[in-house]
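protein-v9.csv, holding CSV, C-alpha atoms:
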chain,number,residue,atom,x,y,z
A,1,MET,CA,-22.1,19.1,9.5
A,2,SER,CA,-23.3,16.8,12.3
A,3,ASN,CA,-20.6,14.7,13.9
A,4,ASP,CA,-22.9,12.0,15.3
A,5,ALA,CA,-21.5,9.1,13.5
A,6,ARG,CA,-18.2,9.2,15.1
A,7,ILE,CA,-15.7,6.5,14.6
A,8,THR,CA,-12.9,5.8,17.0
A,9,LYS,CA,-10.1,3.4,16.6
A,10,ASN,CA,-9.7,0.3,18.7
A,11,GLU,CA,-6.4,-1.5,19.0
A,12,ALA,CA,-7.0,-4.8,17.2
A,13,GLU,CA,-5.1,-6.7,19.9
A,14,ASN,CA,-7.3,-5.5,22.7
A,15,SER,CA,-10.7,-5.6,21.1
A,16,SER,CA,-10.6,-9.1,19.9
A,17,SER,CA,-10.8,-11.8,22.6
A,18,ALA,CA,-10.1,-14.5,20.1
A,19,GLU,CA,-6.7,-15.1,18.7
A,20,GLN,CA,-5.8,-15.8,15.2
A,21,THR,CA,-5.2,-19.5,14.3
A,22,ARG,CA,-2.9,-18.6,11.5
A,23,CYS,CA,0.5,-17.6,12.5
A,24,GLY,CA,2.3,-14.8,10.8
A,25,GLN,CA,2.3,-11.1,10.9
A,26,CYS,CA,-1.0,-9.2,10.7
A,27,TYR,CA,-0.9,-5.6,9.4
A,28,ARG,CA,-3.2,-2.6,10.0
A,29,PRO,CA,-4.4,-1.2,6.8
A,30,ASN,CA,-4.3,2.6,6.3
A,31,VAL,CA,-7.8,4.0,6.0
A,32,ASP,CA,-9.6,7.2,5.0
A,33,ILE,CA,-12.9,7.7,6.8
A,34,ILE,CA,-15.1,10.3,5.1
A,35,GLU,CA,-18.4,11.5,6.4
A,36,LYS,CA,-21.0,12.6,3.9
A,37,SER,CA,-24.4,13.9,4.7
A,38,ASP,CA,-26.0,10.5,4.1
A,39,GLU,CA,-23.2,8.0,4.7
A,40,LEU,CA,-19.8,7.1,6.1
A,41,LEU,CA,-17.2,6.0,3.7
A,42,VAL,CA,-14.4,3.8,4.8
A,43,VAL,CA,-11.6,3.4,2.3
A,44,ALA,CA,-8.8,0.9,3.2
A,45,ASP,CA,-5.6,0.0,1.4
A,46,VAL,CA,-5.4,-3.8,1.3
A,47,PRO,CA,-2.9,-4.5,-1.4
A,48,GLY,CA,-2.8,-8.1,-2.4
A,49,ALA,CA,-6.3,-8.9,-1.2
A,50,THR,CA,-9.1,-9.8,-3.5
A,51,GLY,CA,-12.9,-9.4,-3.0
A,52,ASP,CA,-13.4,-13.0,-1.9
A,53,SER,CA,-10.5,-13.0,0.5
A,54,ILE,CA,-11.9,-10.0,2.5
A,55,ASP,CA,-14.3,-10.4,5.4
A,56,VAL,CA,-16.2,-7.4,6.7
A,57,ASP,CA,-18.4,-7.8,9.8
A,58,PHE,CA,-20.6,-5.4,11.5
A,59,GLU,CA,-21.7,-6.6,14.9
A,60,ASP,CA,-22.6,-4.8,18.1
A,61,GLY,CA,-21.4,-1.5,16.6
A,62,ALA,CA,-18.0,-2.9,15.7
A,63,LEU,CA,-16.9,-2.8,12.1
A,64,THR,CA,-14.2,-5.5,11.5
A,65,ILE,CA,-12.1,-5.7,8.4
A,66,ARG,CA,-10.2,-8.9,7.8
A,67,ALA,CA,-8.3,-9.3,4.5
A,68,ALA,CA,-6.4,-12.4,3.8
A,69,VAL,CA,-3.3,-12.0,1.6
A,70,ALA,CA,-1.8,-15.0,-0.2
A,71,PRO,CA,1.6,-15.6,1.3
A,72,ARG,CA,4.6,-15.3,-1.0
A,73,GLU,CA,6.8,-18.3,-1.5
A,74,ASP,CA,9.1,-18.4,1.5
A,75,ASN,CA,12.4,-19.6,-0.1
A,76,ARG,CA,13.0,-16.3,-1.9
A,77,ASN,CA,16.5,-15.1,-2.0
A,78,TYR,CA,15.8,-11.5,-0.8
A,79,LEU,CA,18.3,-8.8,-1.6
A,80,LEU,CA,16.2,-6.1,-0.1
A,81,ARG,CA,13.2,-6.5,2.2
A,82,GLU,CA,11.5,-3.3,3.2
A,83,TYR,CA,8.0,-4.4,3.9
A,84,GLY,CA,6.4,-7.5,5.2
A,85,VAL,CA,3.5,-9.4,3.7
A,86,GLY,CA,0.6,-10.6,5.8
A,87,ASP,CA,-3.1,-10.4,6.4
A,88,PHE,CA,-4.8,-7.1,7.2
A,89,PHE,CA,-6.9,-6.6,10.3
A,90,ARG,CA,-8.6,-3.6,11.8
A,91,THR,CA,-11.6,-2.9,13.9
A,92,PHE,CA,-13.6,0.3,14.4
A,93,ARG,CA,-16.3,1.2,16.9
A,94,VAL,CA,-19.1,2.9,15.0
A,95,SER,CA,-21.9,4.8,16.6
A,96,GLU,CA,-25.4,3.2,16.3
A,97,ALA,CA,-26.5,5.7,13.8
A,98,ILE,CA,-25.7,3.3,10.9
A,99,ASP,CA,-28.2,1.3,8.9
A,100,ALA,CA,-26.4,-2.0,9.3
A,101,GLY,CA,-28.6,-3.7,6.8
A,102,LYS,CA,-27.5,-1.5,3.9
A,103,ILE,CA,-23.7,-1.6,4.3
A,104,SER,CA,-22.0,-2.4,1.0
A,105,ALA,CA,-18.4,-3.0,0.1
A,106,GLN,CA,-16.4,-3.1,-3.1
A,107,CYS,CA,-12.8,-4.0,-3.7
A,108,ALA,CA,-10.7,-2.9,-6.7
A,109,ASP,CA,-7.0,-2.7,-7.2
A,110,GLY,CA,-6.2,-3.5,-3.6
A,111,VAL,CA,-8.5,-0.8,-2.2
A,112,LEU,CA,-11.5,-1.7,-0.2
A,113,THR,CA,-14.4,0.8,-0.1
A,114,LEU,CA,-17.1,0.4,2.5
A,115,HIS,CA,-20.3,2.4,2.3
A,116,LEU,CA,-22.1,2.7,5.7
A,117,PRO,CA,-25.4,4.5,5.1
A,118,LYS,CA,-26.6,6.6,8.0
A,119,ALA,CA,-29.8,5.6,9.7
A,120,GLU,CA,-32.8,7.8,8.8
A,121,ALA,CA,-32.8,9.4,12.3
A,122,ALA,CA,-29.2,10.5,11.9
A,123,LYS,CA,-29.5,12.2,8.5
A,124,PRO,CA,-29.5,16.0,8.6
A,125,ARG,CA,-32.9,17.2,7.8
A,126,LYS,CA,-33.6,20.7,6.6
A,127,ILE,CA,-36.8,22.2,7.9
A,128,ALA,CA,-38.3,24.9,5.9
A,129,VAL,CA,-39.4,27.9,7.9
A,130,GLN,CA,-42.5,29.5,6.7
A,131,SER,CA,-43.0,33.2,7.1
A,132,ALA,CA,-46.3,34.1,8.7
B,133,MET,CA,25.4,-7.8,2.9
B,134,VAL,CA,27.1,-7.1,-0.4
B,135,LEU,CA,24.3,-5.0,-1.6
B,136,GLY,CA,24.5,-2.6,1.3
B,137,TYR,CA,24.5,0.5,-0.9
B,138,LEU,CA,20.9,-0.3,-1.9
B,139,THR,CA,19.5,0.0,1.5
B,140,PRO,CA,18.0,3.2,2.9
B,141,ARG,CA,20.4,3.0,5.9
B,142,HIS,CA,23.4,3.7,3.8
B,143,PRO,CA,24.8,7.2,4.6
B,144,ALA,CA,24.7,8.3,0.9
B,145,TRP,CA,21.1,7.4,0.7
B,146,GLN,CA,20.2,9.1,3.9
B,147,LEU,CA,22.0,12.3,2.8
B,148,ARG,CA,19.9,12.3,-0.4
B,149,GLU,CA,16.8,11.7,1.5
B,150,GLU,CA,17.6,14.6,3.8
B,151,MET,CA,18.3,16.9,0.9
B,152,ASP,CA,15.0,15.9,-0.8
B,153,ARG,CA,13.2,16.6,2.4
B,154,LEU,CA,14.8,20.0,2.9
B,155,LEU,CA,14.2,21.1,-0.7
B,156,SER,CA,10.6,19.9,-0.8
B,157,GLY,CA,10.0,21.8,2.5
B,158,PHE,CA,11.2,25.0,1.0
B,159,PHE,CA,9.7,24.8,-2.4
B,160,GLY,CA,6.1,23.9,-2.7
B,161,ASP,CA,4.7,20.5,-1.9
B,162,GLY,CA,4.9,21.2,1.7
B,163,ASN,CA,1.8,23.4,1.5
B,164,GLN,CA,-0.6,20.6,0.9
B,165,PRO,CA,-1.0,18.8,4.1
B,166,ALA,CA,-2.2,15.5,2.6
B,167,ALA,CA,0.5,15.3,-0.1
B,168,ARG,CA,3.4,13.4,1.1
B,169,ARG,CA,6.6,12.9,-0.9
B,170,GLY,CA,8.5,9.8,-0.3
B,171,HIS,CA,9.6,6.6,-1.8
B,172,PRO,CA,7.5,3.4,-1.9
B,173,ALA,CA,8.9,0.4,0.0
B,174,VAL,CA,10.1,-2.3,-2.2
B,175,ASN,CA,11.1,-6.0,-1.9
B,176,VAL,CA,13.8,-7.2,-4.2
B,177,TRP,CA,14.8,-10.8,-4.7
B,178,GLU,CA,16.7,-12.8,-7.2
B,179,THR,CA,16.5,-16.1,-8.9
B,180,ASN,CA,19.1,-17.6,-11.2
B,181,GLU,CA,17.5,-16.0,-14.3
B,182,SER,CA,16.0,-12.8,-13.0
B,183,LEU,CA,15.8,-10.0,-10.5
B,184,TRP,CA,12.4,-9.4,-9.1
B,185,VAL,CA,11.1,-6.1,-7.6
B,186,GLU,CA,7.7,-6.0,-5.8
B,187,LEU,CA,5.9,-3.0,-4.3
B,188,GLU,CA,2.5,-2.3,-2.9
B,189,VAL,CA,0.6,0.4,-4.8
B,190,PRO,CA,-3.0,0.0,-3.9
B,191,GLY,CA,-5.5,1.9,-6.0
B,192,LEU,CA,-3.2,2.5,-9.0
B,193,LYS,CA,-3.9,1.3,-12.5
B,194,GLY,CA,-1.1,0.1,-14.7
B,195,ASP,CA,-1.0,3.3,-16.7
B,196,GLU,CA,-0.5,5.5,-13.7
B,197,LEU,CA,2.9,4.1,-13.1
B,198,ASP,CA,6.1,4.9,-14.8
B,199,VAL,CA,8.7,2.1,-14.8
B,200,SER,CA,11.9,2.4,-16.7
B,201,VAL,CA,15.3,0.9,-16.9
B,202,VAL,CA,18.3,3.0,-17.9
B,203,ASP,CA,21.7,1.3,-17.8
B,204,ASN,CA,21.8,-0.4,-14.5
B,205,GLU,CA,19.2,1.6,-12.8
B,206,LEU,CA,15.5,0.9,-12.3
B,207,SER,CA,13.3,3.9,-11.9
B,208,ILE,CA,9.8,3.7,-10.6
B,209,LYS,CA,7.5,6.7,-10.5
B,210,ILE,CA,4.0,6.7,-9.0
B,211,GLU,CA,1.5,9.4,-8.5
B,212,ARG,CA,-1.5,8.8,-6.2
B,213,LEU,CA,-4.0,11.5,-6.9
B,214,ASP,CA,-5.7,13.4,-4.1
B,215,VAL,CA,-9.4,12.7,-4.5
B,216,HIS,CA,-10.5,15.2,-1.9
B,217,GLU,CA,-14.2,16.1,-2.1
B,218,ASP,CA,-15.6,19.3,-0.9
B,219,GLY,CA,-18.4,19.4,1.6
B,220,VAL,CA,-17.4,16.2,3.4
B,221,THR,CA,-15.7,15.7,6.7
B,222,TYR,CA,-12.5,13.6,6.9
B,223,HIS,CA,-12.3,11.8,10.2
B,224,ARG,CA,-9.2,9.9,9.2
B,225,ARG,CA,-6.7,10.4,6.3
B,226,GLU,CA,-4.0,7.9,6.5
B,227,ARG,CA,-3.7,6.9,2.9
B,228,ALA,CA,-0.8,8.7,1.4
B,229,VAL,CA,-1.3,10.7,-1.7
B,230,GLY,CA,1.2,12.5,-3.9
B,231,ALA,CA,4.2,11.7,-6.0
B,232,PHE,CA,6.5,8.9,-5.1
B,233,ALA,CA,9.7,8.0,-6.9
B,234,ARG,CA,12.3,5.3,-6.4
B,235,VAL,CA,15.5,4.6,-8.2
B,236,LEU,CA,17.2,1.3,-7.5
B,237,ARG,CA,20.7,0.5,-8.7
B,238,LEU,CA,20.7,-3.0,-9.9
B,239,PRO,CA,23.5,-5.3,-8.8
B,240,VAL,CA,23.8,-7.2,-12.0
B,241,GLU,CA,23.4,-6.4,-15.7
B,242,VAL,CA,19.8,-6.9,-16.9
B,243,ASP,CA,18.3,-7.4,-20.3
B,244,ALA,CA,16.3,-4.1,-20.5
B,245,ASN,CA,14.3,-5.2,-23.5
B,246,ARG,CA,12.8,-8.1,-21.7
B,247,VAL,CA,11.7,-6.4,-18.5
B,248,THR,CA,8.1,-7.0,-17.7
B,249,ALA,CA,5.8,-5.5,-15.1
B,250,GLU,CA,2.6,-6.9,-13.8
B,251,MET,CA,-0.1,-5.2,-11.7
B,252,LYS,CA,-2.3,-7.4,-9.6
B,253,HIS,CA,-4.7,-6.4,-6.8
B,254,GLY,CA,-2.6,-3.3,-6.0
B,255,VAL,CA,0.7,-5.2,-6.0
B,256,LEU,CA,3.2,-4.4,-8.8
B,257,THR,CA,5.7,-7.1,-9.7
B,258,ILE,CA,8.6,-6.3,-12.0
B,259,GLU,CA,10.7,-9.0,-13.5
B,260,LEU,CA,14.2,-8.0,-14.8
B,261,PRO,CA,15.8,-10.9,-16.7
B,262,LYS,CA,19.5,-11.0,-16.1
B,263,ALA,CA,21.8,-10.5,-19.0
B,264,PRO,CA,23.3,-13.8,-20.2
B,265,SER,CA,26.7,-12.8,-18.8
B,266,ALA,CA,25.2,-12.3,-15.3
B,267,ARG,CA,23.6,-15.7,-15.0
B,268,PRO,CA,25.3,-18.4,-13.0
B,269,ARG,CA,26.7,-21.0,-15.3
B,270,LYS,CA,27.3,-24.5,-14.0
B,271,ILE,CA,30.7,-25.9,-14.9
B,272,GLN,CA,30.9,-29.5,-15.5
B,273,VAL,CA,33.8,-31.0,-13.6
B,274,ILE,CA,35.4,-33.9,-15.5
B,275,ALA,CA,37.1,-36.5,-13.4
B,276,ALA,CA,40.5,-37.3,-14.8
B,277,GLU,CA,41.1,-41.0,-15.5

This entry written out as structure tokens:
Amino acid sequence: MSNDARITKNEAENSSSAEQTRCGQCYRPNVDIIEKSDELLVVADVPGATGDSIDVDFEDGALTIRAAVAPREDNRNYLLREYGVGDFFRTFRVSEAIDAGKISAQCADGVLTLHLPKAEAAKPRKIAVQSA
Amino acid sequence: MVLGYLTPRHPAWQLREEMDRLLSGFFGDGNQPAARRGHPAVNVWETNESLWVELEVPGLKGDELDVSVVDNELSIKIERLDVHEDGVTYHRRERAVGAFARVLRLPVEVDANRVTAEMKHGVLTIELPKAPSARPRKIQVIAAE
């Protein structure tokens, strides 16, 4: 299995020169990144986000996921507060072996699935050897 | 906080967690690297009429959850299946899979027949209406002449 399409993590704080205009906590979604022979699959947990509240950008080899989560009403009388609610944000640096024009995304039940098809040159190609 | 016993910091809770971890380490479950046992984090708040419990369970459908109320305990069981595929390379595996269970002792009596649970975009919200005896009642003060 070729390992050309490597993805490395960037800290969101460092990679982004622009700051958020909205105040409030931003969370890093948990992801699975799966490499198949013809595509990279990025699966991210973004509970509370809907398809139209998620922005996915691919620019200069950086894949950015931004998922807005509707804030809960803030006057709740909490008895137990174990997790915070806020937007999700994460950036990945992806190698250039991705066909950016064919990236597709689906969101269902709070899980975002991104398909990043590999560029033709990066796909493994089997070459038949003919016996003389 | 009055409800201190509900929190994971309580010694009794920590002991239980420790025992769970020990036992699961010895018997099964520990062999699958991706499977993690644990409890889902919850937010609990109350209104005059109800207790509300919310938890994030991305990727689960309503029928993959088991929510039940027995006496004054709310029990939530979740199983996130491992959808590992063969012949692929995992570069990152952060999303937890496995069985998760949580039992919450409720601080007030609730009407178990009217408990409702709603799943929306991976967030489960459970409403537990308080029993009539547990609701605050406003007492009218009559000024004496």

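Every residue of chain A that lies within 6 Å of chain B is listed here, counting all atoms listed in the file: Asn30, Val31, Asp32, Ile33, Ile34, Glu35, Lys36, Asp45, Pro47, Gly48, Asn77, Tyr78, Leu79, Leu80, Arg81, Glu82, Asp109, Gly110 and Val111 of chain A.
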
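Residue nearest Phe89 in chain A within the list A:Leu112, A:Val129, A:Ala67, A:Ala49: A:Ala67 [criterion: smallest interatomic distance, all atoms listed in the file].
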
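Using all atoms listed in the file, the nearest neighbour of Ala70 in chain A within the list A:Val46, A:Asp38, A:Tyr83, A:Asp57 is A:Val46.
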
Give me the residues near Thr113 in chain A as a VMD selection string, where near means some atom within 7 Å (using only C-alpha atoms) and where sequence neighbours in that chain fewer than 5 positions away do not count. chain A and resid 42 to 44 105 to 107

Residues from last step as file, C-alpha atoms, as a tab-separated table (two decimals), keeping the file's coordinate frame:
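Result file out_24.tsv:
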chain	number	residue	atom	x	y	z
A	42	VAL	CA	-14.40	3.80	4.80
A	43	VAL	CA	-11.60	3.40	2.30
A	44	ALA	CA	-8.80	0.90	3.20
A	105	ALA	CA	-18.40	-3.00	0.10
A	106	GLN	CA	-16.40	-3.10	-3.10
A	107	CYS	CA	-12.80	-4.00	-3.70

Rounded to one decimal place, report the CA of Glu59 in chain A-CA of Pro71 in chain A distance in Å. 28.4 Å

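Candidate residues B:Asp243, B:Glu181, B:Arg234, B:Leu206 were compared for distance to Arg267 in chain B, and the nearest is B:Glu181, using only C-alpha atoms.
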
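If you look at CA of Val94 in chain A and CA of Asp52 in chain A, they are 23.9 Å away from each other.
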
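Put simply, CA of Asn204 in chain B is 8.9 Å away from CA of Ala244 in chain B.
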